[in-house]
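Here is the file input-v9.pdb (PDB, C-alpha atoms (C1' of nucleotides)).
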ATOM      1  CA  MET A  25       0.000   0.000   0.000
ATOM      2  CA  THR A  26       1.444   3.327  -1.061
ATOM      3  CA  MET A  27       1.111   6.397   1.109
ATOM      4  CA  LYS A  28      -0.832   9.154  -0.596
ATOM      5  CA  THR A  29      -0.718  12.787   0.435
ATOM      6  CA  MET A  30      -3.216  13.432   3.172
ATOM      7  CA  LYS A  31      -6.001  15.766   2.276
ATOM      8  CA  GLN A  32      -7.898  17.195   5.143
ATOM      9  CA  ARG A  33     -10.450  19.732   6.018
ATOM     10  CA  VAL A  34      -9.002  22.218   8.401
ATOM     11  CA  PRO A  35     -10.763  22.830  11.705
ATOM     12  CA  GLY A  36     -12.205  26.282  11.923
ATOM     13  CA  HIS A  37     -12.304  26.395   8.183
ATOM     14  CA  ASP A  38     -14.810  23.668   7.486
ATOM     15  CA  CYS A  39     -17.064  26.411   6.233
ATOM     16  CA  MET A  40     -15.361  26.804   2.850
ATOM     17  CA  ARG A  41     -16.576  29.751   0.851
ATOM     18  CA  SER A  42     -16.561  27.606  -2.274
ATOM     19  CA  ALA A  43     -14.960  24.484  -3.703
ATOM     20  CA  CYS A  44     -12.493  26.578  -5.702
ATOM     21  CA  PRO A  45      -8.962  25.634  -4.640
ATOM     22  CA  VAL A  46      -7.827  29.258  -4.745
ATOM     23  CA  SER A  47     -10.586  30.447  -2.448
ATOM     24  CA  SER A  48     -10.011  27.500  -0.113
ATOM     25  CA  VAL A  49      -6.331  28.371   0.141
ATOM     26  CA  LEU A  50      -7.249  31.971   0.887
ATOM     27  CA  ASP A  51      -9.572  30.739   3.626
ATOM     28  CA  ILE A  52      -6.394  29.515   5.351
ATOM     29  CA  ILE A  53      -3.625  31.930   4.385
ATOM     30  CA  GLY A  54      -5.586  34.962   3.140
ATOM     31  CA  ASP A  55      -4.256  37.754   5.315
ATOM     32  CA  LYS A  56      -1.188  39.936   5.689
ATOM     33  CA  TRP A  57       0.661  37.915   8.346
ATOM     34  CA  THR A  58       0.184  34.158   8.007
ATOM     35  CA  LEU A  59       2.519  33.682   5.058
ATOM     36  CA  LEU A  60       5.169  35.830   6.717
ATOM     37  CA  VAL A  61       5.260  33.373   9.597
ATOM     38  CA  VAL A  62       5.585  30.559   7.061
ATOM     39  CA  ARG A  63       8.346  32.496   5.310
ATOM     40  CA  ASP A  64      10.293  32.847   8.553
ATOM     41  CA  LEU A  65      10.009  29.129   9.281
ATOM     42  CA  LEU A  66      10.708  28.047   5.715
ATOM     43  CA  PHE A  67      13.469  30.374   4.580
ATOM     44  CA  LEU A  68      14.872  32.120   7.606
ATOM     45  CA  GLY A  69      15.377  29.067   9.788
ATOM     46  CA  LYS A  70      13.379  30.373  12.712
ATOM     47  CA  ARG A  71      11.843  27.952  15.177
ATOM     48  CA  MET A  72      11.188  29.747  18.463
ATOM     49  CA  TYR A  73       8.345  32.073  19.295
ATOM     50  CA  SER A  74      10.759  34.838  20.231
ATOM     51  CA  GLU A  75      12.597  34.482  16.913
ATOM     52  CA  LEU A  76       9.304  34.736  15.038
ATOM     53  CA  ALA A  77       8.296  37.700  17.169
ATOM     54  CA  ASP A  78      11.225  39.798  16.072
ATOM     55  CA  SER A  79      10.434  39.652  12.366
ATOM     56  CA  MET A  80      11.416  42.444  10.006
ATOM     57  CA  GLU A  81       7.805  43.543   9.835
ATOM     58  CA  LYS A  82       7.380  43.663  13.617
ATOM     59  CA  ILE A  83       4.408  41.377  13.890
ATOM     60  CA  PRO A  84       2.306  42.172  16.980
ATOM     61  CA  THR A  85       2.645  39.347  19.497
ATOM     62  CA  ASN A  86      -1.082  38.782  19.853
ATOM     63  CA  ILE A  87      -1.347  38.323  16.084
ATOM     64  CA  LEU A  88       1.630  35.973  16.108
ATOM     65  CA  ALA A  89       0.111  33.820  18.850
ATOM     66  CA  ASP A  90      -3.198  33.757  16.994
ATOM     67  CA  ARG A  91      -1.603  32.763  13.677
ATOM     68  CA  LEU A  92       0.496  30.049  15.270
ATOM     69  CA  LYS A  93      -2.678  28.563  16.745
ATOM     70  CA  LYS A  94      -4.441  28.685  13.399
ATOM     71  CA  LEU A  95      -1.473  27.286  11.499
ATOM     72  CA  GLU A  96      -1.291  24.422  13.968
ATOM     73  CA  ALA A  97      -5.032  23.801  13.689
ATOM     74  CA  ALA A  98      -4.656  23.774   9.915
ATOM     75  CA  ASN A  99      -1.806  21.295  10.261
ATOM     76  CA  LEU A 100       0.708  23.517   8.540
ATOM     77  CA  ILE A 101       2.974  23.632  11.571
ATOM     78  CA  GLU A 102       3.701  21.587  14.666
ATOM     79  CA  LYS A 103       4.536  22.869  18.114
ATOM     80  CA  LYS A 104       6.848  20.721  20.168
ATOM     81  CA  PRO A 105       8.676  21.332  23.432
ATOM     82  CA  TYR A 106      12.420  21.152  22.910
ATOM     83  CA  GLN A 107      13.334  21.416  26.592
ATOM     84  CA  ASP A 108      11.876  21.191  30.092
ATOM     85  CA  LYS A 109      12.532  23.446  33.059
ATOM     86  CA  PRO A 110      11.491  25.825  31.777
ATOM     87  CA  VAL A 111       9.526  24.301  28.945
ATOM     88  CA  ARG A 112      10.343  25.939  25.621
ATOM     89  CA  TYR A 113       8.736  25.268  22.277
ATOM     90  CA  ALA A 114       9.917  24.880  18.709
ATOM     91  CA  TYR A 115       7.591  25.467  15.799
ATOM     92  CA  THR A 116       8.253  23.499  12.644
ATOM     93  CA  LEU A 117       6.508  23.199   9.311
ATOM     94  CA  THR A 118       4.732  19.999   8.402
ATOM     95  CA  ALA A 119       5.047  18.555   4.886
ATOM     96  CA  ARG A 120       1.784  20.318   4.150
ATOM     97  CA  GLY A 121       3.297  23.596   5.277
ATOM     98  CA  GLU A 122       6.557  23.121   3.427
ATOM     99  CA  ALA A 123       4.563  22.422   0.300
ATOM    100  CA  LEU A 124       3.670  26.104   0.249
ATOM    101  CA  ARG A 125       7.218  26.812  -0.904
ATOM    102  CA  PRO A 126       6.300  27.210  -4.606
ATOM    103  CA  VAL A 127       3.592  29.707  -3.679
ATOM    104  CA  LEU A 128       6.089  31.767  -1.689
ATOM    105  CA  ILE A 129       8.640  31.536  -4.490
ATOM    106  CA  GLU A 130       6.187  32.758  -7.106
ATOM    107  CA  MET A 131       5.129  35.587  -4.857
ATOM    108  CA  ALA A 132       8.746  36.609  -4.294
ATOM    109  CA  THR A 133       9.394  36.413  -8.028
ATOM    110  CA  TRP A 134       6.455  38.656  -8.759
ATOM    111  CA  GLY A 135       7.389  41.064  -6.001
ATOM    112  CA  ASN A 136      10.974  41.370  -7.223
ATOM    113  CA  GLU A 137       9.818  41.933 -10.780
ATOM    114  CA  TYR A 138       6.993  44.376 -10.187
ATOM    115  CA  ILE A 139       7.509  46.178  -6.900
ATOM    116  CA  ALA A 140      10.269  48.746  -6.660
ATOM    117  CA  GLY A 141      12.291  48.750  -3.494
ATOM    118  CA  THR A 142      12.081  45.034  -2.794
ATOM    119  CA  VAL A 143      15.306  43.255  -1.995
ATOM    120  CA  LYS A 144      16.078  40.431  -4.365
ATOM    121  CA  ALA A 145      15.426  37.085  -2.764
ATOM    122  CA  PRO A 146      18.627  34.995  -2.507
ATOM    123  CA  LYS A 147      18.688  32.567  -5.392
ATOM    124  CA  GLU A 148      19.160  29.587  -3.091
ATOM    125  CA  PHE A 149      15.657  30.333  -1.798
ATOM    126  CA  MET A 150      14.220  30.356  -5.290
ATOM    127  CA  GLU A 151      14.882  26.768  -6.288
ATOM    128  CA  ARG A 152      12.638  23.729  -6.272
TER     129      ARG A 152
ATOM    130  CA  MET B  14      16.431  50.395 -26.540
ATOM    131  CA  THR B  15      14.732  47.423 -25.022
ATOM    132  CA  MET B  16      11.660  47.832 -22.896
ATOM    133  CA  LYS B  17      12.166  46.588 -19.384
ATOM    134  CA  THR B  18       9.361  45.614 -17.050
ATOM    135  CA  MET B  19       8.072  48.610 -15.138
ATOM    136  CA  LYS B  20       8.582  48.495 -11.435
ATOM    137  CA  GLN B  21       6.527  50.870  -9.442
ATOM    138  CA  ARG B  22       5.563  51.725  -5.952
ATOM    139  CA  VAL B  23       1.870  51.414  -5.523
ATOM    140  CA  PRO B  24      -0.090  54.406  -4.222
ATOM    141  CA  GLY B  25      -1.594  53.741  -0.829
ATOM    142  CA  HIS B  26       1.082  51.163  -0.264
ATOM    143  CA  ASP B  27       4.127  53.372  -0.279
ATOM    144  CA  CYS B  28       4.490  52.464   3.362
ATOM    145  CA  MET B  29       5.948  49.002   2.808
ATOM    146  CA  ARG B  30       6.251  46.943   5.935
ATOM    147  CA  SER B  31       9.660  45.765   4.792
ATOM    148  CA  ALA B  32      11.761  45.333   1.653
ATOM    149  CA  CYS B  33      10.971  41.613   1.552
ATOM    150  CA  PRO B  34       9.258  40.816  -1.734
ATOM    151  CA  VAL B  35       6.835  38.433  -0.058
ATOM    152  CA  SER B  36       5.699  40.998   2.487
ATOM    153  CA  SER B  37       5.425  43.651  -0.216
ATOM    154  CA  VAL B  38       3.204  41.381  -2.280
ATOM    155  CA  LEU B  39       1.056  40.735   0.770
ATOM    156  CA  ASP B  40       0.760  44.488   1.276
ATOM    157  CA  ILE B  41      -1.129  44.475  -2.036
ATOM    158  CA  ILE B  42      -2.949  41.141  -2.248
ATOM    159  CA  GLY B  43      -2.919  39.975   1.373
ATOM    160  CA  ASP B  44      -6.588  39.442   2.097
ATOM    161  CA  LYS B  45      -9.355  36.983   1.380
ATOM    162  CA  TRP B  46     -10.917  38.730  -1.636
ATOM    163  CA  THR B  47      -8.386  40.487  -3.850
ATOM    164  CA  LEU B  48      -7.003  37.376  -5.519
ATOM    165  CA  LEU B  49     -10.506  36.056  -6.116
ATOM    166  CA  VAL B  50     -11.228  39.137  -8.204
ATOM    167  CA  VAL B  51      -7.983  38.510 -10.088
ATOM    168  CA  ARG B  52      -8.976  34.856 -10.541
ATOM    169  CA  ASP B  53     -12.317  35.855 -12.062
ATOM    170  CA  LEU B  54     -10.636  38.247 -14.485
ATOM    171  CA  LEU B  55      -7.785  35.897 -15.346
ATOM    172  CA  PHE B  56      -9.437  32.499 -15.595
ATOM    173  CA  LEU B  57     -13.175  32.989 -15.731
ATOM    174  CA  GLY B  58     -13.260  35.639 -18.452
ATOM    175  CA  LYS B  59     -15.215  38.152 -16.445
ATOM    176  CA  ARG B  60     -14.976  41.839 -17.269
ATOM    177  CA  MET B  61     -18.044  43.643 -15.968
ATOM    178  CA  TYR B  62     -18.720  44.717 -12.402
ATOM    179  CA  SER B  63     -21.944  42.736 -12.339
ATOM    180  CA  GLU B  64     -20.174  39.596 -13.511
ATOM    181  CA  LEU B  65     -17.584  40.013 -10.785
ATOM    182  CA  ALA B  66     -20.318  40.665  -8.262
ATOM    183  CA  ASP B  67     -21.944  37.292  -8.783
ATOM    184  CA  SER B  68     -18.881  35.254  -7.904
ATOM    185  CA  MET B  69     -19.182  31.785  -6.412
ATOM    186  CA  GLU B  70     -18.130  33.174  -3.059
ATOM    187  CA  LYS B  71     -20.722  35.957  -3.107
ATOM    188  CA  ILE B  72     -18.379  38.851  -2.588
ATOM    189  CA  PRO B  73     -20.131  41.778  -0.871
ATOM    190  CA  THR B  74     -20.509  44.670  -3.331
ATOM    191  CA  ASN B  75     -18.854  47.219  -1.085
ATOM    192  CA  ILE B  76     -15.806  44.977  -0.792
ATOM    193  CA  LEU B  77     -15.785  44.442  -4.557
ATOM    194  CA  ALA B  78     -15.894  48.175  -5.252
ATOM    195  CA  ASP B  79     -13.137  48.767  -2.732
ATOM    196  CA  ARG B  80     -10.891  46.043  -4.158
ATOM    197  CA  LEU B  81     -11.404  47.233  -7.712
ATOM    198  CA  LYS B  82     -10.301  50.704  -6.630
ATOM    199  CA  LYS B  83      -7.217  49.326  -4.906
ATOM    200  CA  LEU B  84      -6.335  47.010  -7.784
ATOM    201  CA  GLU B  85      -6.587  49.937 -10.156
ATOM    202  CA  ALA B  86      -4.468  52.116  -7.873
ATOM    203  CA  ALA B  87      -1.898  49.311  -7.750
ATOM    204  CA  ASN B  88      -1.986  49.114 -11.530
ATOM    205  CA  LEU B  89      -3.062  45.505 -11.610
ATOM    206  CA  ILE B  90      -6.250  46.278 -13.483
ATOM    207  CA  GLU B  91      -7.621  48.950 -15.780
ATOM    208  CA  LYS B  92     -11.148  50.278 -15.876
ATOM    209  CA  LYS B  93     -12.387  51.410 -19.257
ATOM    210  CA  PRO B  94     -15.847  52.364 -20.490
ATOM    211  CA  TYR B  95     -16.958  50.013 -23.243
ATOM    212  CA  GLN B  96     -20.134  51.940 -24.103
ATOM    213  CA  ASP B  97     -21.871  55.299 -23.626
ATOM    214  CA  LYS B  98     -25.513  55.975 -22.818
ATOM    215  CA  PRO B  99     -25.477  54.525 -20.310
ATOM    216  CA  VAL B 100     -21.789  54.349 -19.639
ATOM    217  CA  ARG B 101     -20.672  50.848 -18.741
ATOM    218  CA  TYR B 102     -17.227  49.709 -17.692
ATOM    219  CA  ALA B 103     -14.981  46.777 -18.422
ATOM    220  CA  TYR B 104     -12.240  45.787 -16.030
ATOM    221  CA  THR B 105      -9.164  44.150 -17.486
ATOM    222  CA  LEU B 106      -5.885  42.948 -16.089
ATOM    223  CA  THR B 107      -2.704  44.813 -16.909
ATOM    224  CA  ALA B 108       0.476  42.866 -17.719
ATOM    225  CA  ARG B 109       1.401  43.369 -14.094
ATOM    226  CA  GLY B 110      -1.879  41.787 -13.056
ATOM    227  CA  GLU B 111      -1.656  38.909 -15.505
ATOM    228  CA  ALA B 112       1.806  38.185 -14.206
ATOM    229  CA  LEU B 113       0.171  36.946 -11.014
ATOM    230  CA  ARG B 114      -0.900  33.838 -12.941
ATOM    231  CA  PRO B 115       1.916  31.613 -11.575
ATOM    232  CA  VAL B 116       0.999  32.604  -8.034
ATOM    233  CA  LEU B 117      -2.627  31.631  -8.635
ATOM    234  CA  ILE B 118      -1.566  28.393 -10.290
ATOM    235  CA  GLU B 119       0.660  27.380  -7.388
ATOM    236  CA  MET B 120      -2.088  28.222  -4.953
ATOM    237  CA  ALA B 121      -4.587  26.111  -6.880
ATOM    238  CA  THR B 122      -2.085  23.260  -7.067
ATOM    239  CA  TRP B 123      -1.558  23.359  -3.327
ATOM    240  CA  GLY B 124      -5.271  23.624  -2.651
ATOM    241  CA  ASN B 125      -6.066  20.657  -4.857
ATOM    242  CA  GLU B 126      -3.363  18.577  -3.253
ATOM    243  CA  TYR B 127      -3.941  19.439   0.385
ATOM    244  CA  ILE B 128      -7.513  20.566   0.893
ATOM    245  CA  ALA B 129     -10.280  18.000   0.674
ATOM    246  CA  GLY B 130     -13.406  19.061  -1.146
ATOM    247  CA  THR B 131     -11.752  21.387  -3.633
ATOM    248  CA  VAL B 132     -12.708  20.970  -7.260
ATOM    249  CA  LYS B 133      -9.752  20.207  -9.494
ATOM    250  CA  ALA B 134      -8.756  23.240 -11.507
ATOM    251  CA  PRO B 135      -9.149  22.611 -15.270
ATOM    252  CA  LYS B 136      -5.757  21.712 -16.667
ATOM    253  CA  GLU B 137      -5.948  24.404 -19.323
ATOM    254  CA  PHE B 138      -5.817  26.893 -16.455
ATOM    255  CA  MET B 139      -2.727  25.278 -15.000
ATOM    256  CA  GLU B 140      -0.273  25.887 -17.809
ATOM    257  CA  ARG B 141       2.392  28.530 -18.005
TER     258      ARG B 141
ATOM    259  C1'  DT C   4     -45.545  57.151 -20.925
ATOM    260  C1'  DT C   5     -45.141  54.973 -17.054
ATOM    261  C1'  DC C   6     -42.822  50.825 -15.165
ATOM    262  C1'  DA C   7     -39.985  47.010 -14.341
ATOM    263  C1'  DG C   8     -35.114  45.872 -15.279
ATOM    264  C1'  DT C   9     -30.069  46.166 -15.418
ATOM    265  C1'  DA C  10     -25.409  48.053 -14.415
ATOM    266  C1'  DA C  11     -22.525  50.080 -11.254
ATOM    267  C1'  DC C  12     -22.078  51.633  -7.357
ATOM    268  C1'  DT C  13     -22.743  53.996  -2.306
ATOM    269  C1'  DT C  14     -24.384  54.176   2.465
ATOM    270  C1'  DG C  15     -25.321  52.731   7.251
ATOM    271  C1'  DC C  16     -24.334  50.018  10.815
ATOM    272  C1'  DA C  17     -23.150  45.972  13.706
ATOM    273  C1'  DA C  18     -19.617  42.590  14.296
ATOM    274  C1'  DA C  19     -15.055  40.954  13.824
ATOM    275  C1'  DA C  20     -10.150  41.630  13.161
ATOM    276  C1'  DT C  21      -6.080  44.381  13.886
ATOM    277  C1'  DG C  22      -2.457  47.027  16.292
ATOM    278  C1'  DC C  23      -0.237  48.819  20.336
ATOM    279  C1'  DA C  24       1.288  48.710  24.924
ATOM    280  C1'  DA C  25       1.465  46.558  29.063
ATOM    281  C1'  DG C  26       0.964  42.628  32.063
ATOM    282  C1'  DT C  27       1.807  37.555  33.364
ATOM    283  C1'  DT C  28       4.149  33.074  34.487
ATOM    284  C1'  DA C  29       7.954  30.236  35.038
ATOM    285  C1'  DT C  30      12.485  29.659  35.335
ATOM    286  C1'  DA C  31      17.735  31.009  34.964
ATOM    287  C1'  DT C  32      21.461  33.987  35.882
ATOM    288  C1'  DT C  33      24.100  37.491  38.518
TER     289       DT C  33
ATOM    290  C1'  DA D  17      17.206  39.754  45.796
ATOM    291  C1'  DA D  18      17.127  41.704  41.278
ATOM    292  C1'  DT D  19      17.289  41.334  36.459
ATOM    293  C1'  DA D  20      16.587  38.714  32.298
ATOM    294  C1'  DT D  21      14.389  35.644  28.906
ATOM    295  C1'  DA D  22      10.729  32.867  26.626
ATOM    296  C1'  DA D  23       6.177  32.491  25.587
ATOM    297  C1'  DC D  24       2.330  34.229  25.869
ATOM    298  C1'  DT D  25      -2.319  36.983  27.397
ATOM    299  C1'  DT D  26      -5.163  41.077  28.199
ATOM    300  C1'  DG D  27      -7.335  45.577  27.416
ATOM    301  C1'  DC D  28      -8.736  48.771  24.488
ATOM    302  C1'  DA D  29      -9.046  51.939  20.516
ATOM    303  C1'  DT D  30      -9.076  51.815  15.569
ATOM    304  C1'  DT D  31      -9.898  49.651  11.221
ATOM    305  C1'  DT D  32     -11.924  46.325   8.263
ATOM    306  C1'  DT D  33     -15.591  43.286   7.125
ATOM    307  C1'  DG D  34     -20.192  41.725   6.001
ATOM    308  C1'  DC D  35     -25.041  42.348   5.168
ATOM    309  C1'  DA D  36     -28.892  44.785   3.517
ATOM    310  C1'  DA D  37     -30.782  48.504   1.429
ATOM    311  C1'  DG D  38     -30.627  52.643  -1.254
ATOM    312  C1'  DT D  39     -29.078  55.461  -5.460
ATOM    313  C1'  DT D  40     -28.295  56.980 -10.324
ATOM    314  C1'  DA D  41     -28.709  56.509 -15.050
ATOM    315  C1'  DC D  42     -30.430  54.560 -18.609
ATOM    316  C1'  DT D  43     -33.226  50.691 -21.710
ATOM    317  C1'  DG D  44     -36.883  48.200 -23.424
ATOM    318  C1'  DA D  45     -41.621  46.454 -22.858
ATOM    319  C1'  DA D  46     -46.608  47.325 -21.954
TER     320       DA D  46
END
Once you've parsed the file, please lay out its structure as structure tokens.
Amino acid sequence: MTMKTMKQRVPGHDCMRSACPVSSVLDIIGDKWTLLVVRDLLFLGKRMYSELADSMEKIPTNILADRLKKLEAANLIEKKPYQDKPVRYAYTLTARGEALRPVLIEMATWGNEYIAGTVKAPKEFMER
Amino acid sequence: MTMKTMKQRVPGHDCMRSACPVSSVLDIIGDKWTLLVVRDLLFLGKRMYSELADSMEKIPTNILADRLKKLEAANLIEKKPYQDKPVRYAYTLTARGEALRPVLIEMATWGNEYIAGTVKAPKEFMER
DNA sequence: TTCAGTAACTTGCAAAATGCAAGTTATATT
DNA sequence: AATATAACTTGCATTTTGCAAGTTACTGAA
């Protein structure tokens, strides 16, 4: 038996606006912050809450906490303690979350081509 | 002299959150509705306000009007009258707007692969 | 010639989301 | 004992969203 990719409805988003894949994706990541958290985990090697909190864009901490909860509920990230006493957590992308890479790459490509003042994304980020 | 692609700062968004291309793109299209309008123009052949207004997702008309204004300000779409008496308008994507196609395609690909209940995007939409 | 119909919006208002600063809890270090 | 760090939470004002209804300018049918 071969393992297929898991499709799943995401809790809190079981009220899809339509069956269109684009709209369903936007139901999950359609705001100004969610994909920046994914970017930090995927390209910038961040794992801790405090690392995510000091993003370039200065994400408010209440928004960060909210997005981490939603990303976990949507199974795009996992939260795991990496030490006890005191307990500290690491956030990591799931396969589902990492699979957003091409979306991020195309967005960065478009941004670099059409928005003045953007810094060119390192080419090692732009592969695959 | 060869024509290069025009980069431009977008009015109303000249306060970029950062120079990151991803965040700058999200400054423009980072919400639940904007890319659905682009989808309708790019893949579904819609041009008129009333066509856009009866989207699958039932976009509220005040949101639609607002997004059309912002998309025009960002130079992603153009609004042109296609008849007088009474004057009626057609909205069309600029090259800048059409260039979002790969982003939409990657989003649809991800949605189809990872979200149950999404309808598979027609393969003629998924090329280039 | 009045009347329903269509296109393209705008307005009002309640509800939800966002943004900022400050507070909290549990430990570790000095 | 005092300060620091990680990971959040809370309060509150402002902004954005969503829904319904209203508006303007015509067109075509009765």
Pull out every residue of chain C that has at least one atom within 12 Å of chain B, counting only C-alpha atoms (C1' of nucleotides), and report them as a ChimeraX atom specification.
/C:9-15,20
Interface, chain D side, toward chain A (12 Å; all atoms listed in the file) as a PyMOL selection string:
chain D and resi 21-27+32
Decode the PyMOL selection byres ((chain A) within 7 of (chain B)) for the given file into explicit residues and return them as a compact mmCIF listing (two decimals) with C-alpha atoms, in the coordinates of the input.
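Dumped everything to part_4.txt:
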# COMPACT_ATOMS: atom_id res chain seq x y z
CA MET A 30 -3.22 13.43 3.17
CA LYS A 31 -6.00 15.77 2.28
CA GLN A 32 -7.90 17.20 5.14
CA ARG A 33 -10.45 19.73 6.02
CA ARG A 41 -16.58 29.75 0.85
CA SER A 42 -16.56 27.61 -2.27
CA ALA A 43 -14.96 24.48 -3.70
CA CYS A 44 -12.49 26.58 -5.70
CA PRO A 45 -8.96 25.63 -4.64
CA VAL A 46 -7.83 29.26 -4.74
CA SER A 47 -10.59 30.45 -2.45
CA SER A 48 -10.01 27.50 -0.11
CA VAL A 49 -6.33 28.37 0.14
CA LEU A 50 -7.25 31.97 0.89
CA ASP A 51 -9.57 30.74 3.63
CA GLY A 54 -5.59 34.96 3.14
CA ASP A 55 -4.26 37.75 5.32
CA LYS A 56 -1.19 39.94 5.69
CA LEU A 60 5.17 35.83 6.72
CA MET A 80 11.42 42.44 10.01
CA GLU A 81 7.80 43.54 9.84
CA ARG A 120 1.78 20.32 4.15
CA LEU A 124 3.67 26.10 0.25
CA PRO A 126 6.30 27.21 -4.61
CA VAL A 127 3.59 29.71 -3.68
CA LEU A 128 6.09 31.77 -1.69
CA GLU A 130 6.19 32.76 -7.11
CA MET A 131 5.13 35.59 -4.86
CA ALA A 132 8.75 36.61 -4.29
CA TRP A 134 6.46 38.66 -8.76
CA GLY A 135 7.39 41.06 -6.00
CA ASN A 136 10.97 41.37 -7.22
CA GLU A 137 9.82 41.93 -10.78
CA TYR A 138 6.99 44.38 -10.19
CA ILE A 139 7.51 46.18 -6.90
CA ALA A 140 10.27 48.75 -6.66
CA GLY A 141 12.29 48.75 -3.49
CA THR A 142 12.08 45.03 -2.79
CA VAL A 143 15.31 43.26 -2.00
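Put simply, CA of Leu81 (chain B) is 15.9 Å away from C1' of DT33 (chain D).
Taken over the shown file, the PyMOL selection byres ((chain D and resi 30) around 12) identifies DA20, DT21, DG22 and DC23 of chain C; DC28, DA29, DT31 and DT32 of chain D.
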